[in-house]
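**Q** Data: structure_12.cif, mmCIF, C-alpha atoms.
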data_input
loop_
_atom_site.group_PDB
_atom_site.id
_atom_site.type_symbol
_atom_site.label_atom_id
_atom_site.label_comp_id
_atom_site.auth_asym_id
_atom_site.auth_seq_id
_atom_site.Cartn_x
_atom_site.Cartn_y
_atom_site.Cartn_z
ATOM 1 C CA MET A 696 69.587 27.842 97.361
ATOM 2 C CA PRO A 697 70.612 31.342 96.415
ATOM 3 C CA SER A 698 68.308 33.154 94.013
ATOM 4 C CA ILE A 699 68.776 32.933 90.286
ATOM 5 C CA MET A 700 69.863 36.604 90.303
ATOM 6 C CA THR A 701 72.717 35.818 92.662
ATOM 7 C CA HIS A 702 73.877 32.897 90.537
ATOM 8 C CA GLY A 703 73.795 35.193 87.478
ATOM 9 C CA LEU A 704 75.834 37.846 89.280
ATOM 10 C CA VAL A 705 78.545 35.325 90.111
ATOM 11 C CA GLY A 706 78.596 34.044 86.512
ATOM 12 C CA ALA A 707 79.027 37.553 85.146
ATOM 13 C CA ALA A 708 81.635 38.397 87.786
ATOM 14 C CA ALA A 709 83.708 35.413 86.645
ATOM 15 C CA VAL A 710 84.024 37.074 83.238
ATOM 16 C CA ALA A 711 84.990 40.367 84.870
ATOM 17 C CA VAL A 712 87.917 38.783 86.721
ATOM 18 C CA ALA A 713 88.944 36.274 84.041
ATOM 19 C CA PRO A 714 92.362 36.894 82.516
ATOM 20 C CA CYS A 715 91.138 37.489 78.991
ATOM 21 C CA ARG A 716 91.341 40.543 76.782
ATOM 22 C CA ASN A 717 88.179 40.215 74.767
ATOM 23 C CA ARG A 718 85.082 40.259 76.966
ATOM 24 C CA ARG A 719 82.340 40.303 74.348
ATOM 25 C CA PRO A 720 78.716 40.781 75.468
ATOM 26 C CA ALA A 721 77.981 37.209 74.358
ATOM 27 C CA LEU A 722 80.512 35.912 76.913
ATOM 28 C CA TRP A 723 78.869 37.887 79.717
ATOM 29 C CA LEU A 724 75.430 36.575 78.755
ATOM 30 C CA LEU A 725 76.638 33.012 78.331
ATOM 31 C CA SER A 726 78.360 33.033 81.722
ATOM 32 C CA ALA A 727 75.434 34.595 83.566
ATOM 33 C CA GLY A 728 73.018 32.149 81.939
ATOM 34 C CA LEU A 729 75.236 29.103 82.438
ATOM 35 C CA SER A 730 75.500 29.844 86.143
ATOM 36 C CA MET A 731 71.711 29.457 86.337
ATOM 37 C CA VAL A 732 71.398 26.270 84.240
ATOM 38 C CA PRO A 733 71.778 23.712 87.058
ATOM 39 C CA ASP A 734 68.461 24.821 88.549
ATOM 40 C CA LEU A 735 66.609 23.546 85.494
ATOM 41 C CA ASP A 736 66.527 20.354 87.518
ATOM 42 C CA VAL A 737 63.645 21.765 89.578
ATOM 43 C CA MET A 738 61.508 20.208 86.867
ATOM 44 C CA SER A 739 62.242 16.920 88.639
ATOM 45 C CA TYR A 740 59.673 17.922 91.261
ATOM 46 C CA HIS A 741 56.985 17.321 88.643
ATOM 47 C CA LEU A 742 58.358 13.867 87.835
ATOM 48 C CA ASP A 743 57.912 12.407 91.331
ATOM 49 C CA LEU A 744 61.563 11.416 91.572
ATOM 50 C CA PRO A 745 62.932 10.484 94.985
ATOM 51 C CA ARG A 746 64.776 13.469 96.399
ATOM 52 C CA THR A 747 67.865 11.301 96.831
ATOM 53 C CA SER A 748 68.030 10.459 93.097
ATOM 54 C CA ILE A 749 70.957 11.954 91.205
ATOM 55 C CA TRP A 750 68.344 13.158 88.670
ATOM 56 C CA ALA A 751 66.470 15.171 91.330
ATOM 57 C CA HIS A 752 67.101 18.798 92.345
ATOM 58 C CA ARG A 753 70.704 19.476 93.352
ATOM 59 C CA GLY A 754 71.722 16.187 91.762
ATOM 60 C CA ILE A 755 73.801 15.566 88.675
ATOM 61 C CA SER A 756 73.136 18.991 87.150
ATOM 62 C CA HIS A 757 74.941 20.479 90.158
ATOM 63 C CA SER A 758 77.897 18.071 89.933
ATOM 64 C CA LEU A 759 81.462 18.887 89.038
ATOM 65 C CA VAL A 760 81.342 16.305 86.235
ATOM 66 C CA ALA A 761 78.348 18.046 84.632
ATOM 67 C CA ALA A 762 80.154 21.399 84.925
ATOM 68 C CA LEU A 763 83.247 20.004 83.184
ATOM 69 C CA VAL A 764 81.282 18.320 80.401
ATOM 70 C CA VAL A 765 78.972 21.270 79.713
ATOM 71 C CA GLY A 766 81.831 23.794 79.958
ATOM 72 C CA ALA A 767 83.948 21.812 77.502
ATOM 73 C CA LEU A 768 81.073 21.313 75.047
ATOM 74 C CA LEU A 769 79.995 24.957 75.142
ATOM 75 C CA ALA A 770 83.585 26.091 74.703
ATOM 76 C CA GLY A 771 83.872 23.919 71.625
ATOM 77 C CA LEU A 772 80.668 25.347 70.186
ATOM 78 C CA THR A 773 81.340 29.018 70.954
ATOM 79 C CA ARG A 774 85.104 29.557 70.988
ATOM 80 C CA ARG A 775 85.303 31.132 67.533
ATOM 81 C CA GLY A 776 82.574 33.657 68.237
ATOM 82 C CA LEU A 777 84.065 34.537 71.607
ATOM 83 C CA SER A 778 87.676 34.770 70.383
ATOM 84 C CA LEU A 779 89.077 32.686 73.210
ATOM 85 C CA GLY A 780 91.061 29.501 72.955
ATOM 86 C CA TRP A 781 89.243 26.286 73.835
ATOM 87 C CA PRO A 782 91.171 25.402 77.017
ATOM 88 C CA ARG A 783 90.743 28.814 78.645
ATOM 89 C CA LEU A 784 87.106 29.119 77.632
ATOM 90 C CA ALA A 785 86.348 25.546 78.745
ATOM 91 C CA LEU A 786 87.911 26.237 82.137
ATOM 92 C CA LEU A 787 86.034 29.515 82.561
ATOM 93 C CA LEU A 788 82.665 28.021 81.591
ATOM 94 C CA SER A 789 83.214 24.929 83.741
ATOM 95 C CA LEU A 790 84.038 27.083 86.762
ATOM 96 C CA VAL A 791 80.998 29.269 86.113
ATOM 97 C CA MET A 792 78.655 26.269 86.074
ATOM 98 C CA ALA A 793 80.388 24.702 89.094
ATOM 99 C CA SER A 794 79.880 27.950 91.025
ATOM 100 C CA HIS A 795 76.161 27.132 91.188
ATOM 101 C CA GLY A 796 76.584 23.982 93.264
ATOM 102 C CA PHE A 797 79.313 25.645 95.293
ATOM 103 C CA LEU A 798 76.975 28.499 96.299
ATOM 104 C CA ASP A 799 74.128 26.072 97.000
ATOM 105 C CA GLY A 800 76.438 24.187 99.369
ATOM 106 C CA PHE A 801 76.587 27.289 101.570
ATOM 107 C CA THR A 802 72.815 27.449 102.119
ATOM 108 C CA HIS A 803 71.029 25.958 105.087
ATOM 109 C CA GLY A 804 68.264 24.352 103.076
ATOM 110 C CA GLY A 805 67.975 21.087 101.260
ATOM 111 C CA ARG A 806 69.627 17.714 101.505
ATOM 112 C CA GLY A 807 72.932 18.748 99.991
ATOM 113 C CA ILE A 808 74.633 18.763 96.602
ATOM 114 C CA ALA A 809 75.650 15.667 94.603
ATOM 115 C CA PHE A 810 79.042 17.209 93.796
ATOM 116 C CA LEU A 811 80.523 13.871 92.703
ATOM 117 C CA ALA A 812 77.593 12.454 90.697
ATOM 118 C CA PRO A 813 77.464 10.169 88.742
ATOM 119 C CA PHE A 814 80.343 8.474 90.602
ATOM 120 C CA ASP A 815 78.958 9.136 94.075
ATOM 121 C CA ALA A 816 75.274 9.776 94.823
ATOM 122 C CA ASN A 817 75.973 11.172 98.296
ATOM 123 C CA ARG A 818 74.942 14.751 98.923
ATOM 124 C CA TYR A 819 77.225 17.230 100.611
ATOM 125 C CA LEU A 820 76.908 20.601 102.326
ATOM 126 C CA PHE A 821 79.662 22.796 103.662
ATOM 127 C CA PRO A 822 79.982 22.975 107.467
ATOM 128 C CA PHE A 823 79.530 26.759 107.332
ATOM 129 C CA ARG A 824 76.165 27.608 105.734
ATOM 130 C CA PRO A 825 75.377 31.301 106.266
ATOM 131 C CA ILE A 826 73.115 31.818 103.217
ATOM 132 C CA PRO A 827 69.376 31.333 103.812
ATOM 133 C CA SER A 828 67.632 29.308 101.103
ATOM 134 C CA ALA A 829 65.572 31.442 98.742
ATOM 135 C CA PRO A 830 61.967 30.363 98.248
ATOM 136 C CA PHE A 831 60.786 29.328 94.793
ATOM 137 C CA GLY A 832 58.691 31.466 92.456
ATOM 138 C CA LEU A 833 56.588 34.262 93.858
ATOM 139 C CA GLY A 834 57.564 33.204 97.374
ATOM 140 C CA TYR A 835 60.734 35.149 96.731
ATOM 141 C CA PHE A 836 58.680 38.344 97.138
ATOM 142 C CA SER A 837 57.768 37.511 100.733
ATOM 143 C CA GLY A 838 59.349 38.159 104.113
ATOM 144 C CA ARG A 839 61.269 34.893 103.803
ATOM 145 C CA GLY A 840 62.450 35.937 100.344
ATOM 146 C CA LEU A 841 63.644 39.297 101.662
ATOM 147 C CA HIS A 842 65.536 37.548 104.461
ATOM 148 C CA ALA A 843 67.182 35.248 101.886
ATOM 149 C CA PHE A 844 68.124 38.193 99.668
ATOM 150 C CA GLU A 845 69.664 40.048 102.623
ATOM 151 C CA GLY A 846 71.830 36.994 103.282
ATOM 152 C CA GLU A 847 72.825 36.815 99.619
ATOM 153 C CA VAL A 848 73.811 40.488 99.599
ATOM 154 C CA LEU A 849 75.963 40.050 102.703
ATOM 155 C CA TRP A 850 77.598 36.732 101.821
ATOM 156 C CA VAL A 851 77.733 36.816 97.996
ATOM 157 C CA TRP A 852 76.990 40.201 96.410
ATOM 158 C CA LEU A 853 79.270 42.364 98.578
ATOM 159 C CA PRO A 854 82.290 40.010 98.415
ATOM 160 C CA THR A 855 81.769 39.556 94.660
ATOM 161 C CA ILE A 856 81.603 43.308 94.065
ATOM 162 C CA LEU A 857 84.703 43.775 96.232
ATOM 163 C CA VAL A 858 86.710 41.177 94.269
ATOM 164 C CA VAL A 859 85.618 42.597 90.894
ATOM 165 C CA GLY A 860 86.450 46.110 92.121
ATOM 166 C CA VAL A 861 89.926 45.149 93.303
ATOM 167 C CA VAL A 862 90.702 43.271 90.064
ATOM 168 C CA THR A 863 89.462 46.239 88.032
ATOM 169 C CA LEU A 864 91.594 48.693 90.029
ATOM 170 C CA VAL A 865 94.662 46.482 89.615
ATOM 171 C CA ARG A 866 94.087 46.324 85.870
ATOM 172 C CA LEU A 867 93.618 50.091 85.647
ATOM 173 C CA GLY A 868 96.880 50.610 87.542
ATOM 174 C CA ARG A 869 98.914 48.699 84.971
ATOM 175 C CA ARG A 870 100.996 50.602 82.493
ATOM 176 C CA PRO A 871 99.799 50.699 78.871
ATOM 177 C CA GLY A 872 101.012 47.690 76.954
ATOM 178 C CA GLU A 873 100.964 45.320 79.956
ATOM 179 C CA THR A 874 98.644 42.353 79.536
ATOM 180 C CA ALA A 875 95.707 41.682 81.781
#
Translate this structure into C-alpha cells?

**A**
Amino acid sequence: MPSIMTHGLVGAAAVAVAPCRNRRPALWLLSAGLSMVPDLDVMSYHLDLPRTSIWAHRGISHSLVAALVVGALLAGLTRRGLSLGWPRLALLLSLVMASHGFLDGFTHGGRGIAFLAPFDANRYLFPFRPIPSAPFGLGYFSGRGLHAFEGEVLWVWLPTILVVGVVTLVRLGRRPGETA
C-alpha cells in the first residue's frame, strides 16, 4: 500500500482541482484525513480475522460502497460549515475516500482490494502495479521504506503535482469574473 502521506497528498490534491470556489482549510484537512481513513482497518490484524474476510485489511473499508456511504454522510454533517452544496461535497468526499483503494490497487503487495464489498468479497488488483508496498510503522524508515517512497514519488507525487499545477495555471489564466 502507499504510505499514509501519499494518501493524504492525493486527498488534498482533490480539493485543489475540485471545481469549487470556497476551499476552506477545514475542507483540505477533511479531504486529506478522509483519504487515510480506510487504513484504520489494519486493526483487524489484532483481531485474528482471516485475511480474506471483508472486515480484514483492504476489505470493506476500501470498497466503493463504503466511500459512497461515508462521503454522503460526511457531506450531510459538514456542508454548512464548508459552504458547498450536498451533492458536490458528497461526490468530492466519496471520490477522496475511493482514491485510497484505487491507489492500493496499483501496489504489488497484498491480496487485492475488495472494491465491491459487501456485494462481492473477491479482491482485485490492477494488472499494472508499479508502486511498491510501503512497510508498516517504523519499517517505513528502512531501505524497503525508502524504495517504496521513491516509487510513490515517481508514480503518485509527481503526476499529482503536475495535475494540480496545470489546473492552477488554467485557473490563473482565466479572465476576472469567470468561474472556476

**Q** Which residues are close to region 792-805 of chain A, i.e. within 8 Å by all atoms listed in the file, leaving aside same-chain residues fewer than 3 positions away? Reply as a list in words.

**A** Met696, Pro697, His702, Val705, Gly706, Leu729, Ser730, Met731, Val732, Pro733, Arg753, His757, Ser758, Leu759, Ala762, Gly766, Leu788, Ser789, Ile808, Phe810, Tyr819, Leu820, Phe821, Phe823, Arg824, Pro825, Ile826, Pro827 and Ser828 of chain A

**Q** Figure out the distance between CA of Gly728 (chain A) and CA of Ala709 (chain A), please, to one decimal in Å.

**A**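 Pair CA of Ala709 (chain A) / CA of Gly728 (chain A) returns 12.1 Å.
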
**Q** Decode the PyMOL selection byres ((chain A and resi 840-842) around 12) for the given file into explicit residues and return them as an MDAnalysis selection string.

**A** chainID A and resid 696:698 825:839 843:849

**Q** Report the residues retrieved by the PyMOL selection byres ((chain A and resi 779) around 10) from the displayed file, expressed as a ChimeraX atom specification.

**A** /A:715-718,722,770,773-778,780-785

**Q** My list of candidates is A:Val862, A:Trp723, A:Asp743, A:Val737. Which is closest to Val791 (chain A) when distances are computed with only C-alpha atoms?

**A**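 Comparing A:Val862, A:Trp723, A:Asp743, A:Val737 against Val791 (chain A), the winner is A:Trp723.
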
**Q** One decimal, Å: what's the distance from CA of Met700 (chain A) over to CA of Val861 (chain A), could you say?

**A** 22.0 Å

**Q** Kindly indicate which residue among A:Ile699, A:Asp734, A:Ala711, A:Thr747 lies nearest to Leu864 (chain A), using all atoms listed in the file for the distances.

**A** A:Ala711

**Q** Hey, can you check how far CA of Pro822 (chain A) sits from CA of Ala707 (chain A)?

**A**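 Computed distance, CA of Pro822 (chain A) to CA of Ala707 (chain A), equals 26.7 Å.
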
**Q** Using 4 Å of padding on each side, determine the axis-aligned box around all atoms of region 791-805 of chain A present in the file and give its centre and edge lengths in Å to one decimal, as JSON.

**A**
{"center_x": 74.5, "center_y": 25.2, "center_z": 95.6, "size_x": 21.0, "size_y": 16.2, "size_z": 27.0}
